[in-house]
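A.B. asks: One structure coming up, written as structure tokens, with questions to follow.
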Amino acid sequence: MAALAARMALVVGFDILLRWVFRLLVGLAVLGLIVTLIVVQTVAGVLTGGRPGEGTAPGVVPVVVGTPIAVPVPTAGQALSGDLGGRIVQIARLWLGVPYVFGGCSRAGVDCSCLVQNVYAAVGIRLPRIAVDQFNATVPINDPQPGDLVFFANTYMPGVSHVGIYIGNGLQINAPTTGQVVSVASAVTGYWGAHYAGARRVRS
């Protein structure tokens, strides 16, 4: 009888030990997943020059996902043809109402620079992914026309940090910030006017 009791105690003890080890392994797996997510988010923030989730309304939080596409710097800022500028504005209008998503690059959610990149790609023009790189890949102009780009500085971070597509009459289509959607806004008054960094143009 004593031998049976000893065996039962050993089996019960072993069962408890197995449960404890299993719970420990599950806990370590969950902790590892959390650490991995934090590292990925931090690395993404470093690579994109931003900090995911930050930004002060009504500021903008553009983020880059992926490697910017190198484009030659245009040597002249020739005006976009009426047809091209009109097509750019028409395509940009198709994005109206799409939610702003930090680092987003699809119709499920998009940020400012990817909106510009996608619209221009639809007319066969390749632009870099980051607003400041788009700024550097274009030439300055004094009299923006529909389809040109308008840039803004010191929104959520120092320097050029936001871009929109000029549609005429001082207005732009842009992906503003978290909690908002792609919309039409003034480029020259209000918040955006206070951060206006100039208009620029690409060559087709």
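Starting from 1 in every chain, residues are counted up; chains themselves are A, B, ... following the order of the structure tokens, and ligands are numbered from 1 as listed.
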Env of segment 191-204 of chain A: 6 Å cut, atoms = only C-alpha atoms, seq-sep filter 2 positions within chain, self excluded. Answer as a list in words.
C.D. replies: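 The residues that qualify are Gly77, Thr138, Val139, Pro140, Ile141, Asp148, Leu149, Val150, Phe151, Phe152, Ala153, Ala187, Val188 and Thr189 of chain A.
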A.B. asks: Kindly save the residues from that selection, with N, CA and C atoms included, as a PDB file, in the first residue's frame.
C.D. replies:
```pdb
ATOM      1  N   GLY A  77      11.779  72.529 -64.419  1.00  0.00           N
ATOM      2  CA  GLY A  77      10.435  72.364 -63.897  1.00  0.00           C
ATOM      3  C   GLY A  77       9.395  72.753 -64.928  1.00  0.00           C
ATOM      4  N   THR A 138      12.296  66.688 -56.814  1.00  0.00           N
ATOM      5  CA  THR A 138      11.497  67.603 -57.640  1.00  0.00           C
ATOM      6  C   THR A 138      12.159  68.972 -57.655  1.00  0.00           C
ATOM      7  N   VAL A 139      11.641  69.859 -58.496  1.00  0.00           N
ATOM      8  CA  VAL A 139      12.227  71.198 -58.609  1.00  0.00           C
ATOM      9  C   VAL A 139      11.231  72.243 -58.116  1.00  0.00           C
ATOM     10  N   PRO A 140      11.753  73.325 -57.524  1.00  0.00           N
ATOM     11  CA  PRO A 140      10.856  74.344 -56.979  1.00  0.00           C
ATOM     12  C   PRO A 140      10.149  75.130 -58.084  1.00  0.00           C
ATOM     13  N   ILE A 141       8.929  75.546 -57.789  1.00  0.00           N
ATOM     14  CA  ILE A 141       8.152  76.391 -58.703  1.00  0.00           C
ATOM     15  C   ILE A 141       7.456  77.468 -57.867  1.00  0.00           C
ATOM     16  N   ASP A 148       0.699  69.512 -59.376  1.00  0.00           N
ATOM     17  CA  ASP A 148       1.991  69.748 -58.744  1.00  0.00           C
ATOM     18  C   ASP A 148       1.928  69.310 -57.284  1.00  0.00           C
ATOM     19  N   LEU A 149       3.085  69.260 -56.651  1.00  0.00           N
ATOM     20  CA  LEU A 149       3.156  68.859 -55.253  1.00  0.00           C
ATOM     21  C   LEU A 149       3.356  70.070 -54.352  1.00  0.00           C
ATOM     22  N   VAL A 150       2.719  70.043 -53.192  1.00  0.00           N
ATOM     23  CA  VAL A 150       2.917  71.091 -52.194  1.00  0.00           C
ATOM     24  C   VAL A 150       3.476  70.420 -50.935  1.00  0.00           C
ATOM     25  N   PHE A 151       4.500  71.046 -50.371  1.00  0.00           N
ATOM     26  CA  PHE A 151       5.217  70.461 -49.246  1.00  0.00           C
ATOM     27  C   PHE A 151       5.076  71.328 -47.997  1.00  0.00           C
ATOM     28  N   PHE A 152       5.184  70.659 -46.848  1.00  0.00           N
ATOM     29  CA  PHE A 152       5.005  71.319 -45.567  1.00  0.00           C
ATOM     30  C   PHE A 152       6.107  70.849 -44.626  1.00  0.00           C
ATOM     31  N   ALA A 153       6.552  71.756 -43.767  1.00  0.00           N
ATOM     32  CA  ALA A 153       7.666  71.451 -42.868  1.00  0.00           C
ATOM     33  C   ALA A 153       7.257  71.612 -41.414  1.00  0.00           C
ATOM     34  N   ALA A 187      -4.000  74.681 -48.884  1.00  0.00           N
ATOM     35  CA  ALA A 187      -2.550  74.514 -48.790  1.00  0.00           C
ATOM     36  C   ALA A 187      -1.891  75.797 -48.307  1.00  0.00           C
ATOM     37  N   VAL A 188      -2.636  76.896 -48.292  1.00  0.00           N
ATOM     38  CA  VAL A 188      -2.015  78.202 -48.051  1.00  0.00           C
ATOM     39  C   VAL A 188      -2.585  78.949 -46.848  1.00  0.00           C
ATOM     40  N   THR A 189      -3.609  78.413 -46.195  1.00  0.00           N
ATOM     41  CA  THR A 189      -4.152  79.061 -45.006  1.00  0.00           C
ATOM     42  C   THR A 189      -4.244  78.034 -43.880  1.00  0.00           C
TER      43      THR A 189
END
```
A.B. asks: Please identify all polymer residues within 8 Å of Ala92 of chain A, counting only C-alpha atoms, omitting same-chain residues fewer than 2 positions from it, and present them as a VMD selection string.
C.D. replies: chain A and resid 88 to 90 94 to 96 115 119 165 173
A.B. asks: Just the residues within 7 Å of segment 159-162 of chain A, please, counting only C-alpha atoms, with nothing from its chain fewer than 4 positions along; format it as a list in words.
C.D. replies: Val60, Pro62, Cys112, Ala131, Val132, Phe151, Phe152, Ala153, Asn154 and Thr155 of chain A
A.B. asks: Which of these residues is nearest to Thr178 of chain A, using only C-alpha atoms: A:Leu127, A:Gly147, A:Tyr156, A:Leu37?
C.D. replies: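 Smallest distance to Thr178 of chain A is found for A:Tyr156.
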A.B. asks: In Å to one decimal, how far is atom CA of Gln145 of chain A from atom CA of Gly168 of chain A?
C.D. replies: 6.3 Å
A.B. asks: Nearest residue to Ile91 of chain A out of A:Thr177, A:Asn118, A:Thr36, A:Asn136, using only C-alpha atoms?
C.D. replies: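 Looking only at the distances to Ile91 of chain A, the closest residue turns out to be A:Asn118.
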A.B. asks: Choose the residue, out of A:Asn174, A:Ser186, A:Asn169, A:Gln180, that has the smallest atom-to-atom separation from Val116 of chain A; count only C-alpha atoms.
C.D. replies: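 Of A:Asn174, A:Ser186, A:Asn169, A:Gln180, the one nearest Val116 of chain A, counting only C-alpha atoms, is A:Asn174.
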A.B. asks: Among segment 112-172 of chain A, which residues carry a DSSP assignment of strand (DSSP E), reported as a PyMOL selection string?
C.D. replies: chain A and resi 139-141+149-153+160-168+171-172
A.B. asks: Could you save the residues just selected, with C-alpha atoms, as an mmCIF file, in the first residue's frame?
C.D. replies:
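And here's result28.cif as it stands now:
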```cif
data_model
loop_
_atom_site.group_PDB
_atom_site.id
_atom_site.type_symbol
_atom_site.label_atom_id
_atom_site.label_comp_id
_atom_site.auth_asym_id
_atom_site.auth_seq_id
_atom_site.Cartn_x
_atom_site.Cartn_y
_atom_site.Cartn_z
ATOM 1 C CA VAL A 139 12.227 71.198 -58.609
ATOM 2 C CA PRO A 140 10.856 74.344 -56.979
ATOM 3 C CA ILE A 141 8.152 76.391 -58.703
ATOM 4 C CA LEU A 149 3.156 68.859 -55.253
ATOM 5 C CA VAL A 150 2.917 71.091 -52.194
ATOM 6 C CA PHE A 151 5.217 70.461 -49.246
ATOM 7 C CA PHE A 152 5.005 71.319 -45.567
ATOM 8 C CA ALA A 153 7.666 71.451 -42.868
ATOM 9 C CA VAL A 160 9.937 68.642 -44.674
ATOM 10 C CA SER A 161 7.453 66.178 -43.221
ATOM 11 C CA HIS A 162 4.246 66.337 -45.274
ATOM 12 C CA VAL A 163 3.183 66.461 -48.916
ATOM 13 C CA GLY A 164 -0.063 67.003 -50.777
ATOM 14 C CA ILE A 165 -1.240 67.202 -54.384
ATOM 15 C CA TYR A 166 -2.185 70.696 -55.509
ATOM 16 C CA ILE A 167 -5.600 70.847 -57.213
ATOM 17 C CA GLY A 168 -5.893 74.601 -57.842
ATOM 18 C CA LEU A 171 -6.322 73.702 -52.351
ATOM 19 C CA GLN A 172 -4.639 70.321 -51.996
#
```
A.B. asks: Quote the spacing between atom CA of Ser183 of chain A and atom CA of Asp143 of chain A in Å to one decimal place.
C.D. replies: 22.1 Å
A.B. asks: Excluding Ser106 of chain A and any residue of its chain fewer than 3 positions from it, enumerate the residues within 12 Å of it, using only C-alpha atoms, and give them as number ranges by chain.
C.D. replies: A: 65, 95, 98-103, 109-119, 175, 182
A.B. asks: Using only C-alpha atoms, which residue out of A:Gly86, A:Gly170, A:Gly27, A:Pro176 lies closest to Pro144 of chain A?
C.D. replies: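 Using only C-alpha atoms, the shortest distance to Pro144 of chain A belongs to A:Gly170.
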